[in-house]
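Engineer: Input: one structure, supplied below.
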Amino acid sequence: MPRWIVFDYGEVISRPTRALPDMAALLGTDPARFEEAYWAERRDNDAGLSDADYWRAVAARLDRELDDSLIHRLTSVDVDGWMSADPDSLSLLEDLHRREVPLALLSNASTTFARAGESKPWARFFDHLLFSGDLRVTKPAPEIWRVLLDTIGAEPAECLFFDDRAENIAGARQAGLHAELWHTADHARGLLQQQLAA
């Protein structure tokens, strides 16, 4: 039986962001082109690149120029867009917390998001919150699993990890963790009932 349950944040605890069209409008660009640029540069931001440098890289792909005010606005809209938590996921976290199951969060997210996330009500369910921007390394790099395990004081086989991206599940399994692709909170609840009853 896993001793620790580790969750990703984006599209696991949170709903998918709906802020992409708003950010495209702020930049005066086509939403499809914006989304491509947004994701193309995202991993560097998640690995610790400053918000200003991230948005300048996105804007360069779109032939746009930014001032500090617009960078601040884009960052704010972006962070807020990821803050809508899924009620079913929150219910699952609360149930596990009530049962005193040790929980950790491992999210590819910027340092700005990390500071905002730490203040949200869902943060209290976790014994440890780890964000890639603080760690300067993103999933699924091998180093991030070592940091996770050192932080929580666990062996790989003592962890069950949920993530919505197949490459992160593969990376976790390669590091020796139990890992399951996230579908819905109800699906995860069924898997956990089997695990915790074992």
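Labels used: A, B, ... for chains in the order of the structure tokens, numbers from 1 for residues in each chain, and numbers from 1 for ligands as shown.
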When DSSP works through the backbone of this structure, what residues of stretch 24-152 of chain A end up as helix (DSSP H, G or I), shown as a ChimeraX atom specification?
Structural biologist: /A:24-27,31-40,42-46,51-61,68-81,87-98,111-117,121-125,132-135,142-152
Engineer: Near stretch 122-138 of chain A, within 6 Å and counting only C-alpha atoms, which residues show up once chain neighbours fewer than 3 positions away are dropped, as a list in words?
Structural biologist: Asp46, Ala47, Gly48, His97, Leu103, Ala104, Leu105, Leu106, Ser107, Asn108, Ala109, Ser110, Thr111 and Glu118 of chain A
Engineer: Measuring between only C-alpha atoms, which one of A:Asp186, A:Glu100, A:Asp51, A:Asp95 shows the shortest distance to A:Phe113?
Structural biologist: A:Asp51
Engineer: Could you check the closest approach to A:Ala60 for each of A:Leu96, A:Ala166, A:Ala179, A:Ala40 and tell me which residue wins, using only C-alpha atoms?
Structural biologist: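 Of A:Leu96, A:Ala166, A:Ala179, A:Ala40, the one nearest A:Ala60 is A:Ala40, counting only C-alpha atoms.
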Engineer: What lies within 6 Å of A:Asn168 using only C-alpha atoms, ignoring chain neighbours under 2 positions off, as a ChimeraX atom specification?
Structural biologist: /A:139-140,165-166,170-171
Engineer: Restricting the output to C-alpha atoms, write the selected residues as a PDB file, in the first residue's frame.
Structural biologist:
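And here's result_37.pdb as it stands now:
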ATOM      1  CA  LYS A 139       8.503  16.923 -14.590  1.00  0.00           C
ATOM      2  CA  PRO A 140       9.345  14.435 -15.951  1.00  0.00           C
ATOM      3  CA  ARG A 165       0.101  13.925 -18.707  1.00  0.00           C
ATOM      4  CA  ALA A 166       1.326  10.542 -19.912  1.00  0.00           C
ATOM      5  CA  ALA A 170       6.100   7.432 -17.476  1.00  0.00           C
ATOM      6  CA  GLY A 171       8.786   9.488 -15.723  1.00  0.00           C
TER       7      GLY A 171
END
Engineer: So that I can check the surroundings of A:Gly10, please list as a short mmCIF file (atom, residue, chain, number, x, y, z; two decimals) with N, CA, C and O atoms, in the first residue's frame every protein, DNA and RNA residue that reaches within 10 Å of it, counting only C-alpha atoms and ignoring chain neighbours fewer than 2 positions away.
Structural biologist:
data_model
loop_
_atom_site.label_atom_id
_atom_site.label_comp_id
_atom_site.auth_asym_id
_atom_site.auth_seq_id
_atom_site.Cartn_x
_atom_site.Cartn_y
_atom_site.Cartn_z
N PHE A 7 -0.14 14.47 -5.87
CA PHE A 7 -1.00 14.98 -6.93
C PHE A 7 -0.30 16.06 -7.74
O PHE A 7 0.41 16.91 -7.19
N ASP A 8 -0.54 16.05 -9.04
CA ASP A 8 -0.30 17.20 -9.89
C ASP A 8 -1.38 18.24 -9.59
O ASP A 8 -2.38 17.94 -8.92
N VAL A 12 -5.87 18.52 -12.76
CA VAL A 12 -6.08 17.43 -11.81
C VAL A 12 -6.87 18.00 -10.63
O VAL A 12 -8.02 17.63 -10.40
N ILE A 13 -6.26 18.93 -9.92
CA ILE A 13 -6.99 19.67 -8.89
C ILE A 13 -7.76 20.82 -9.53
O ILE A 13 -8.90 21.11 -9.15
N SER A 14 -7.14 21.46 -10.49
CA SER A 14 -7.80 22.60 -11.14
C SER A 14 -8.60 22.17 -12.36
O SER A 14 -8.35 21.13 -12.96
N ARG A 15 -9.53 23.02 -12.73
CA ARG A 15 -10.17 22.90 -14.03
C ARG A 15 -9.20 23.46 -15.07
O ARG A 15 -8.31 24.25 -14.75
N PRO A 16 -9.40 23.10 -16.35
CA PRO A 16 -8.58 23.72 -17.41
C PRO A 16 -8.78 25.24 -17.40
O PRO A 16 -9.88 25.73 -17.16
N THR A 17 -7.72 25.96 -17.66
CA THR A 17 -7.83 27.42 -17.70
C THR A 17 -8.76 27.86 -18.83
O THR A 17 -8.76 27.28 -19.91
N TRP A 82 -5.84 29.69 -13.70
CA TRP A 82 -5.56 28.34 -13.22
C TRP A 82 -6.05 28.11 -11.79
O TRP A 82 -5.82 27.05 -11.21
N MET A 83 -6.72 29.09 -11.21
CA MET A 83 -7.12 29.00 -9.80
C MET A 83 -8.51 28.41 -9.57
O MET A 83 -8.95 28.32 -8.44
N SER A 84 -9.19 28.00 -10.63
CA SER A 84 -10.52 27.43 -10.47
C SER A 84 -10.38 25.94 -10.17
O SER A 84 -10.09 25.13 -11.06
N ALA A 85 -10.57 25.58 -8.91
CA ALA A 85 -10.41 24.18 -8.49
C ALA A 85 -11.67 23.38 -8.81
O ALA A 85 -12.79 23.88 -8.71
N SER A 107 3.85 20.05 -8.82
CA SER A 107 3.26 20.74 -9.96
C SER A 107 4.32 21.45 -10.79
O SER A 107 5.20 22.11 -10.23
N ASN A 108 4.20 21.33 -12.11
CA ASN A 108 4.97 22.19 -13.01
C ASN A 108 4.27 23.55 -13.02
O ASN A 108 3.20 23.70 -13.61
N ALA A 109 4.87 24.52 -12.35
CA ALA A 109 4.23 25.83 -12.21
C ALA A 109 5.29 26.88 -11.89
O ALA A 109 6.30 26.58 -11.25
N ASP A 163 -1.25 12.27 -12.31
CA ASP A 163 -0.96 13.38 -13.22
C ASP A 163 -1.80 13.18 -14.48
O ASP A 163 -2.14 12.05 -14.83
N ASP A 164 -2.10 14.28 -15.16
CA ASP A 164 -2.91 14.19 -16.38
C ASP A 164 -2.08 14.04 -17.64
O ASP A 164 -2.66 13.93 -18.73
N ARG A 165 -0.76 14.02 -17.52
CA ARG A 165 0.10 13.92 -18.71
C ARG A 165 0.85 12.59 -18.71
O ARG A 165 1.54 12.25 -17.75
#
Engineer: Which residues come within 10 Å of stretch 190-196 of chain A, counting only C-alpha atoms, excluding same-chain residues fewer than 5 positions away, as a list in words?
Structural biologist: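 After dropping sequence-adjacent residues, the list is Met1, Pro2, Arg3, Ile5, Leu92, Leu96, Val101, Leu160, Glu180 and Ala185 of chain A.
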Engineer: Selection from above, C-alpha atoms, as a PDB file, in the first residue's frame, can you write it?
Structural biologist:
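The resulting file, out.pdb, is shown below:
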ATOM      1  CA  MET A   1       0.000   0.000   0.000  1.00  0.00           C
ATOM      2  CA  PRO A   2       1.417   3.432  -0.889  1.00  0.00           C
ATOM      3  CA  ARG A   3       2.163   5.580   2.136  1.00  0.00           C
ATOM      4  CA  ILE A   5      -0.396  10.138  -2.372  1.00  0.00           C
ATOM      5  CA  LEU A  92     -11.369  13.802  -2.725  1.00  0.00           C
ATOM      6  CA  LEU A  96      -8.047  11.827   2.196  1.00  0.00           C
ATOM      7  CA  VAL A 101      -3.459  10.069   4.442  1.00  0.00           C
ATOM      8  CA  LEU A 160       1.250   6.860  -5.657  1.00  0.00           C
ATOM      9  CA  GLU A 180      -1.748   6.575 -12.529  1.00  0.00           C
ATOM     10  CA  ALA A 185     -11.776  12.416  -9.300  1.00  0.00           C
TER      11      ALA A 185
END
Engineer: For each of A:Asp44, A:Asp67, A:Glu11, A:Glu94, take the minimum atom-to-atom distance to A:Thr184, counting only C-alpha atoms, then give the residue where this is smallest.
Structural biologist: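 Of the candidates, the smallest distance to A:Thr184 is held by A:Glu11.
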Engineer: From the list A:Ser119, A:Ala175, A:Glu41, A:Leu74, which residue is nearest A:Arg146 when using only C-alpha atoms?
Structural biologist: A:Ala175
Engineer: A:Leu62, A:Lys120, A:Arg43, A:Glu35: which is nearest A:Ala141, counting only C-alpha atoms?
Structural biologist: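 Among the listed residues, A:Arg43 lies closest to A:Ala141.
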Engineer: Figure out the distance between atom CA of A:Tyr9 and atom CA of A:Ile71, please, to one decimal in Å.
Structural biologist: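 Interatomic distance, atom CA of A:Ile71 to atom CA of A:Tyr9: 23.7 Å.
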Engineer: Taking only C-alpha atoms into account, which of A:Asp22, A:Glu65, A:Glu155, A:Glu36 comes nearest A:Asp78?
Structural biologist: A:Asp22
Engineer: Run DSSP on the backbone and tell me which residues of stretch 9-181 of chain A come out as strand (DSSP E); list them as number ranges by chain.
Structural biologist: A: 103-107, 128-131, 159-163, 178-181
Engineer: Could you write those residues out with C-alpha atoms, as a PDB file, in the first residue's frame?
Structural biologist:
ATOM      1  CA  LEU A 103      -0.516  14.117   0.722  1.00  0.00           C
ATOM      2  CA  ALA A 104       2.005  16.009  -1.395  1.00  0.00           C
ATOM      3  CA  LEU A 105       1.643  18.253  -4.426  1.00  0.00           C
ATOM      4  CA  LEU A 106       4.152  18.201  -7.291  1.00  0.00           C
ATOM      5  CA  SER A 107       3.258  20.743  -9.961  1.00  0.00           C
ATOM      6  CA  HIS A 128       4.244  19.329   1.244  1.00  0.00           C
ATOM      7  CA  LEU A 129       3.810  21.646  -1.748  1.00  0.00           C
ATOM      8  CA  LEU A 130       6.498  21.390  -4.427  1.00  0.00           C
ATOM      9  CA  PHE A 131       6.504  23.659  -7.480  1.00  0.00           C
ATOM     10  CA  CYS A 159       4.251   6.826  -3.358  1.00  0.00           C
ATOM     11  CA  LEU A 160       1.250   6.860  -5.657  1.00  0.00           C
ATOM     12  CA  PHE A 161       1.348   9.769  -8.111  1.00  0.00           C
ATOM     13  CA  PHE A 162      -1.533  11.196 -10.159  1.00  0.00           C
ATOM     14  CA  ASP A 163      -0.961  13.377 -13.225  1.00  0.00           C
ATOM     15  CA  HIS A 178       3.416   3.956  -8.535  1.00  0.00           C
ATOM     16  CA  ALA A 179       1.692   6.320 -10.957  1.00  0.00           C
ATOM     17  CA  GLU A 180      -1.748   6.575 -12.529  1.00  0.00           C
ATOM     18  CA  LEU A 181      -2.996   8.779 -15.335  1.00  0.00           C
TER      19      LEU A 181
END
